[in-house]
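Listing of data.cif; format and content: mmCIF, C-alpha atoms.
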data_structure
#
loop_
_atom_site.label_atom_id
_atom_site.label_comp_id
_atom_site.auth_asym_id
_atom_site.auth_seq_id
_atom_site.Cartn_x
_atom_site.Cartn_y
_atom_site.Cartn_z
CA MET N 1 27.07 -44.04 -11.31
CA THR N 2 27.57 -41.86 -8.24
CA LYS N 3 25.13 -39.14 -7.18
CA PHE N 4 25.50 -36.59 -4.40
CA SER N 5 22.56 -35.58 -2.25
CA VAL N 6 22.93 -33.21 0.67
CA GLU N 7 20.64 -32.11 3.47
CA PHE N 8 20.99 -28.39 4.12
CA GLU N 9 20.52 -26.53 7.37
CA GLY N 10 17.05 -25.12 7.81
CA ASN N 11 18.29 -21.85 9.35
CA ALA N 12 19.71 -20.50 6.09
CA ILE N 13 16.58 -21.43 4.16
CA VAL N 14 14.21 -20.03 6.81
CA GLU N 15 16.12 -16.74 6.89
CA ALA N 16 16.11 -16.48 3.09
CA GLN N 17 12.40 -17.27 3.02
CA ARG N 18 11.70 -14.52 5.56
CA LEU N 19 13.73 -11.94 3.60
CA LEU N 20 12.38 -12.92 0.17
CA GLY N 21 8.75 -13.40 1.21
CA LYS N 22 7.51 -10.27 -0.60
CA ILE N 23 9.45 -10.85 -3.82
CA PRO N 24 7.44 -13.01 -6.23
CA GLY N 25 9.44 -16.13 -7.12
CA GLY N 26 12.42 -14.78 -5.18
CA MET N 27 12.93 -17.81 -2.98
CA GLN N 28 12.91 -20.25 -5.90
CA THR N 29 15.33 -18.08 -7.88
CA ALA N 30 17.76 -17.72 -4.98
CA VAL N 31 17.72 -21.43 -4.10
CA ALA N 32 18.14 -22.55 -7.72
CA ARG N 33 21.10 -20.21 -8.26
CA ALA N 34 22.70 -21.22 -4.94
CA VAL N 35 22.32 -24.94 -5.72
CA ASN N 36 23.91 -24.54 -9.14
CA ARG N 37 26.87 -22.56 -7.78
CA ALA N 38 27.34 -25.07 -4.95
CA LEU N 39 27.43 -27.93 -7.46
CA SER N 40 30.03 -26.11 -9.52
CA GLY N 41 32.24 -25.76 -6.46
CA ALA N 42 31.67 -29.38 -5.52
CA ARG N 43 32.93 -30.49 -8.92
CA THR N 44 36.22 -28.71 -8.31
CA THR N 45 36.50 -30.25 -4.85
CA VAL N 46 35.72 -33.73 -6.18
CA VAL N 47 38.45 -33.48 -8.81
CA LYS N 48 40.98 -32.32 -6.21
CA ALA N 49 39.96 -35.00 -3.70
CA VAL N 50 40.26 -37.79 -6.27
CA ARG N 51 43.66 -36.49 -7.39
CA GLU N 52 44.91 -36.43 -3.79
CA ARG N 53 44.43 -40.20 -3.57
CA TYR N 54 44.79 -41.45 -7.16
CA THR N 55 47.30 -40.71 -9.95
CA VAL N 56 44.57 -40.07 -12.52
CA LYS N 57 44.53 -36.88 -14.58
CA SER N 58 42.08 -34.08 -13.73
CA LYS N 59 40.69 -34.17 -17.25
CA ASP N 60 39.64 -37.82 -16.88
CA VAL N 61 37.77 -37.09 -13.65
CA ARG N 62 36.13 -33.92 -14.97
CA GLN N 63 34.93 -35.68 -18.15
CA SER N 64 32.97 -38.22 -16.11
CA LEU N 65 31.07 -35.52 -14.18
CA ARG N 66 27.92 -33.83 -15.38
CA PHE N 67 25.29 -31.56 -13.84
CA LYS N 68 21.56 -31.64 -13.67
CA LYS N 69 20.96 -27.98 -12.91
CA ALA N 70 18.29 -26.71 -10.56
CA THR N 71 15.56 -24.47 -11.96
CA LYS N 72 12.82 -22.35 -10.41
CA LYS N 73 10.33 -25.15 -11.00
CA SER N 74 12.61 -27.98 -9.91
CA LEU N 75 15.02 -27.04 -7.13
CA ASP N 76 16.82 -30.37 -7.33
CA GLY N 77 20.34 -30.21 -8.66
CA GLU N 78 22.61 -33.20 -9.17
CA LEU N 79 26.28 -33.81 -9.74
CA ILE N 80 26.47 -37.18 -11.49
CA SER N 81 29.54 -39.25 -12.26
CA GLU N 82 29.27 -41.91 -14.93
CA GLY N 83 31.89 -43.91 -16.70
CA SER N 84 33.54 -47.25 -17.20
CA GLN N 85 36.91 -48.45 -16.03
CA LEU N 86 39.80 -46.29 -17.15
CA GLU N 87 42.64 -47.83 -19.10
CA LEU N 88 45.79 -48.23 -17.04
CA SER N 89 47.54 -45.72 -19.30
CA HIS N 90 45.38 -42.97 -17.69
CA PHE N 91 47.30 -43.50 -14.45
CA LYS N 92 51.01 -43.19 -13.64
CA VAL N 93 52.81 -45.89 -15.63
CA LYS N 94 56.55 -46.34 -16.15
CA PRO N 95 58.08 -46.49 -18.69
CA ARG N 96 56.10 -44.19 -20.95
CA THR N 97 57.50 -45.62 -24.19
CA ASP N 98 56.86 -48.95 -25.88
CA THR N 99 58.50 -51.93 -24.19
CA THR N 100 58.10 -54.30 -27.13
CA GLY N 101 61.16 -55.43 -29.04
CA ASN N 102 64.51 -56.81 -28.01
CA ARG N 103 64.83 -54.92 -24.74
CA GLN N 104 62.38 -56.22 -22.15
CA ARG N 105 61.59 -53.79 -19.36
CA LYS N 106 59.34 -54.07 -16.33
CA VAL N 107 56.09 -52.15 -16.42
CA ILE N 108 55.30 -50.37 -13.14
CA ALA N 109 51.80 -48.95 -12.56
CA GLU N 110 50.79 -46.65 -9.72
CA ILE N 111 47.02 -46.23 -9.36
CA ILE N 112 46.87 -45.15 -5.72
CA LYS N 113 49.57 -42.63 -4.85
CA GLY N 114 52.46 -44.25 -3.04
CA SER N 115 51.70 -47.86 -4.00
CA ALA N 116 53.40 -48.75 -7.27
CA ASN N 117 53.14 -52.36 -8.46
CA GLU N 118 54.71 -54.30 -11.26
CA VAL N 119 52.38 -55.55 -13.99
CA LYS N 120 53.51 -59.18 -14.26
CA ARG N 121 54.11 -60.22 -17.88
CA GLY N 122 53.05 -56.67 -18.85
CA PHE N 123 54.20 -54.57 -21.76
CA ILE N 124 53.40 -51.22 -23.34
CA TYR N 125 52.43 -50.85 -26.98
CA ASN N 126 51.09 -47.60 -28.46
CA THR N 127 50.82 -46.07 -24.96
CA GLN N 128 48.46 -48.88 -23.84
CA VAL N 129 49.33 -51.39 -21.12
CA PHE N 130 48.79 -55.05 -21.99
CA ARG N 131 49.38 -58.26 -20.09
CA ARG N 132 50.13 -61.70 -21.44
CA GLU N 133 47.85 -64.31 -19.91
CA GLY N 134 50.20 -67.26 -20.30
CA ARG N 135 53.65 -68.27 -21.42
CA SER N 136 52.79 -67.95 -25.10
CA ARG N 137 52.46 -64.69 -27.02
CA LEU N 138 48.69 -64.79 -27.03
CA PRO N 139 46.19 -64.18 -25.44
CA ILE N 140 46.83 -60.67 -24.17
CA ASN N 141 44.47 -58.37 -22.27
CA LYS N 142 44.38 -54.59 -22.03
CA GLN N 143 44.83 -53.59 -18.40
CA THR N 144 42.36 -51.26 -16.69
CA GLY N 145 42.11 -49.43 -13.40
CA PRO N 146 39.06 -48.31 -11.43
CA ALA N 147 36.27 -46.19 -12.89
CA VAL N 148 35.87 -42.60 -11.72
CA PRO N 149 32.55 -43.37 -9.93
CA GLN N 150 34.40 -46.05 -7.94
CA MET N 151 37.07 -43.54 -6.97
CA LEU N 152 34.38 -41.08 -5.91
CA GLY N 153 32.78 -43.77 -3.76
CA GLN N 154 35.66 -43.56 -1.27
CA ASP N 155 34.54 -42.09 2.06
CA GLU N 156 37.20 -39.38 2.19
CA VAL N 157 36.25 -38.11 -1.28
CA LEU N 158 32.52 -38.13 -0.50
CA ASN N 159 32.99 -36.37 2.82
CA LYS N 160 35.02 -33.56 1.25
CA ALA N 161 32.42 -33.10 -1.50
CA MET N 162 29.50 -33.03 0.94
CA GLU N 163 31.25 -30.56 3.23
CA THR N 164 31.99 -28.25 0.32
CA LEU N 165 28.42 -28.49 -0.96
CA GLN N 166 26.93 -27.56 2.39
CA LYS N 167 29.25 -24.63 3.06
CA ARG N 168 29.01 -23.26 -0.45
CA PHE N 169 25.21 -23.57 -0.58
CA ALA N 170 24.78 -21.61 2.66
CA SER N 171 27.10 -18.81 1.55
CA ARG N 172 25.67 -18.67 -1.99
CA LEU N 173 22.08 -18.61 -0.68
CA GLN N 174 22.93 -15.63 1.49
CA HIS N 175 24.62 -13.89 -1.46
CA GLU N 176 21.75 -14.59 -3.88
CA THR N 177 19.21 -13.41 -1.29
CA GLU N 178 21.06 -10.12 -0.84
CA ALA N 179 21.39 -9.68 -4.60
CA LEU N 180 17.65 -10.18 -5.17
CA ILE N 181 16.75 -7.82 -2.33
CA ASN N 182 19.08 -5.14 -3.76
CA LYS N 183 17.66 -5.59 -7.24
CA TRP N 184 14.07 -5.47 -5.97
CA SER N 185 14.68 -2.38 -3.82
CA ARG N 186 16.00 -0.42 -6.83
CA ARG N 187 12.69 -0.74 -8.63
#
Can you turn what I pasted into structure tokens?
Amino acid sequence: MTKFSVEFEGNAIVEAQRLLGKIPGGMQTAVARAVNRALSGARTTVVKAVRERYTVKSKDVRQSLRFKKATKKSLDGELISEGSQLELSHFKVKPRTDTTGNRQRKVIAEIIKGSANEVKRGFIYNTQVFRREGRSRLPINKQTGPAVPQMLGQDEVLNKAMETLQKRFASRLQHETEALINKWSRR
């Protein structure tokens, strides 16, 4: 399981606190909304960053991510990635069709972009990649790649996500502050 936690600059928060000081609950509302929007943007960045390095589908990455949204009472928001190892068929595998039968073909799997490897004694059956463990027909094992939380644990992916979170939070906090001030001034 991978969690993201970010320290935000105090200047943006201090400025928002000064502007929203007279609005009851304004600071909590603005921060909670800004955190939730920042997390939404971080999810998009995480999916893109993982796809830049790995051949996994966006859907598989997105399915492993979930939010714990911030509220007025609890300003903590979390973007959590959970999941087990993905089957090798979720990555780039050639050929795409079954390799069982008379015609034996090599199975090539590419998990990290640009580094394709042959699956020794591998074959494809019903879109799944298997590998024979010995000379005989059995035993066979289904082949798996890394889990999404492992892919997110890479430094380049984490750095991109953190950078996006920080930038987006600062801009969203400013926007939410202005929106609350405008709404309050119309009353």
The PyMOL selection byres ((chain N and resi 11-15) around 10) on the file shown: which residues, as a PDB file with C-alpha atoms, keeping the file's coordinate frame?
ATOM      1  CA  PHE N   8      20.990 -28.390   4.120  1.00  0.00           C
ATOM      2  CA  GLU N   9      20.520 -26.530   7.370  1.00  0.00           C
ATOM      3  CA  GLY N  10      17.050 -25.120   7.810  1.00  0.00           C
ATOM      4  CA  ALA N  16      16.110 -16.480   3.090  1.00  0.00           C
ATOM      5  CA  GLN N  17      12.400 -17.270   3.020  1.00  0.00           C
ATOM      6  CA  ARG N  18      11.700 -14.520   5.560  1.00  0.00           C
ATOM      7  CA  LEU N  19      13.730 -11.940   3.600  1.00  0.00           C
ATOM      8  CA  LEU N  20      12.380 -12.920   0.170  1.00  0.00           C
ATOM      9  CA  GLY N  21       8.750 -13.400   1.210  1.00  0.00           C
ATOM     10  CA  MET N  27      12.930 -17.810  -2.980  1.00  0.00           C
ATOM     11  CA  ALA N  30      17.760 -17.720  -4.980  1.00  0.00           C
ATOM     12  CA  VAL N  31      17.720 -21.430  -4.100  1.00  0.00           C
ATOM     13  CA  PHE N 169      25.210 -23.570  -0.580  1.00  0.00           C
ATOM     14  CA  ALA N 170      24.780 -21.610   2.660  1.00  0.00           C
ATOM     15  CA  SER N 171      27.100 -18.810   1.550  1.00  0.00           C
ATOM     16  CA  LEU N 173      22.080 -18.610  -0.680  1.00  0.00           C
ATOM     17  CA  GLN N 174      22.930 -15.630   1.490  1.00  0.00           C
ATOM     18  CA  THR N 177      19.210 -13.410  -1.290  1.00  0.00           C
TER      19      THR N 177
END
Q: Considering only C-alpha atoms, state which residue in the set N:Ser185, N:Gln166, N:Ser64, N:Ser84 is at the smallest distance from Ala38 in chain N.
A: N:Gln166
**Q.** Polymer residues at most 12 Å from range 65-82 of chain N, all atoms listed in the file, same-chain spacing of 5 or more positions, as a PyMOL selection string
**A.** chain N and resi 1-7+24-47+58-60+147-153+158+161-162+165+169
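Relative to CA of Thr97 in chain N, CA of Asn126 in chain N is found at 8.0 Å.
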Q. So how far away is CA of Ile112 in chain N from CA of Asn159 in chain N, in Å?
A. 18.5 Å
Q | Residue nearest Glu163 in chain N among N:Asn182, N:Leu138, N:His175, N:Ala49 (counting all atoms listed in the file) | A |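 Of the candidates, the smallest distance to Glu163 in chain N is held by N:Ala49.
CA of Val119 in chain N is positioned 7.5 Å from CA of Lys106 in chain N.
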Q: Return as an MDAnalysis selection string the set of residues that the PyMOL selection byres ((chain N and resi 113) around 12) yields on the displayed structure.
A: chainID N and resid 50:56 91:93 109:112 114:117
Q | All residues 12 Å or closer to range 128-135 of chain N, all atoms listed in the file, same chain fewer than 5 positions away omitted, as JSON, numbers by chain | A | {"N": [86, 87, 88, 89, 90, 91, 92, 93, 94, 95, 96, 97, 98, 99, 100, 106, 107, 108, 109, 118, 119, 120, 121, 122, 123, 140, 141, 142, 143, 144, 145]}
Q. From the list N:Lys22, N:Pro146, N:Gly101, N:Asp155, which residue is nearest Val61 in chain N when using only C-alpha atoms?
A.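 Smallest separation from Val61 in chain N among the options: N:Pro146.
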Would you give the centre and edge lengths, in Å to one decimal, of a box along x, y and z around the listed atoms of range 41-57 of chain N, with 3 Å added to each side, as AutoDock Vina command-line options?
--center_x 39.5 --center_y -33.6 --center_z -9.1 --size_x 21.6 --size_y 21.7 --size_z 17.0
With N, CA and C atoms retained, output range 173-184 of chain N as an mmCIF file, in the first residue's frame.
data_model
loop_
_atom_site.group_PDB
_atom_site.id
_atom_site.type_symbol
_atom_site.label_atom_id
_atom_site.label_comp_id
_atom_site.auth_asym_id
_atom_site.auth_seq_id
_atom_site.Cartn_x
_atom_site.Cartn_y
_atom_site.Cartn_z
ATOM 1 N N LEU N 173 -6.254 26.433 -3.295
ATOM 2 C CA LEU N 173 -6.550 27.150 -2.052
ATOM 3 C C LEU N 173 -6.824 28.615 -2.350
ATOM 4 N N GLN N 174 -6.043 29.196 -3.229
ATOM 5 C CA GLN N 174 -6.273 30.588 -3.611
ATOM 6 C C GLN N 174 -7.636 30.734 -4.278
ATOM 7 N N HIS N 175 -7.970 29.818 -5.179
ATOM 8 C CA HIS N 175 -9.258 29.859 -5.879
ATOM 9 C C HIS N 175 -10.422 29.702 -4.902
ATOM 10 N N GLU N 176 -10.330 28.718 -4.012
ATOM 11 C CA GLU N 176 -11.417 28.477 -3.054
ATOM 12 C C GLU N 176 -11.567 29.651 -2.086
ATOM 13 N N THR N 177 -10.470 30.265 -1.715
ATOM 14 C CA THR N 177 -10.517 31.441 -0.844
ATOM 15 C C THR N 177 -11.269 32.577 -1.529
ATOM 16 N N GLU N 178 -10.904 32.839 -2.780
ATOM 17 C CA GLU N 178 -11.584 33.899 -3.533
ATOM 18 C C GLU N 178 -13.064 33.584 -3.717
ATOM 19 N N ALA N 179 -13.388 32.344 -3.975
ATOM 20 C CA ALA N 179 -14.796 31.958 -4.171
ATOM 21 C C ALA N 179 -15.605 32.171 -2.892
ATOM 22 N N LEU N 180 -15.031 31.807 -1.743
ATOM 23 C CA LEU N 180 -15.758 32.001 -0.483
ATOM 24 C C LEU N 180 -15.907 33.473 -0.144
ATOM 25 N N ILE N 181 -14.885 34.258 -0.420
ATOM 26 C CA ILE N 181 -14.960 35.704 -0.160
ATOM 27 C C ILE N 181 -16.047 36.324 -1.044
ATOM 28 N N ASN N 182 -16.082 35.946 -2.320
ATOM 29 C CA ASN N 182 -17.111 36.478 -3.229
ATOM 30 C C ASN N 182 -18.513 36.072 -2.783
ATOM 31 N N LYS N 183 -18.659 34.845 -2.385
ATOM 32 C CA LYS N 183 -19.969 34.367 -1.918
ATOM 33 C C LYS N 183 -20.392 35.095 -0.647
ATOM 34 N N TRP N 184 -19.463 35.289 0.266
ATOM 35 C CA TRP N 184 -19.766 35.946 1.537
ATOM 36 C C TRP N 184 -20.070 37.418 1.329
#
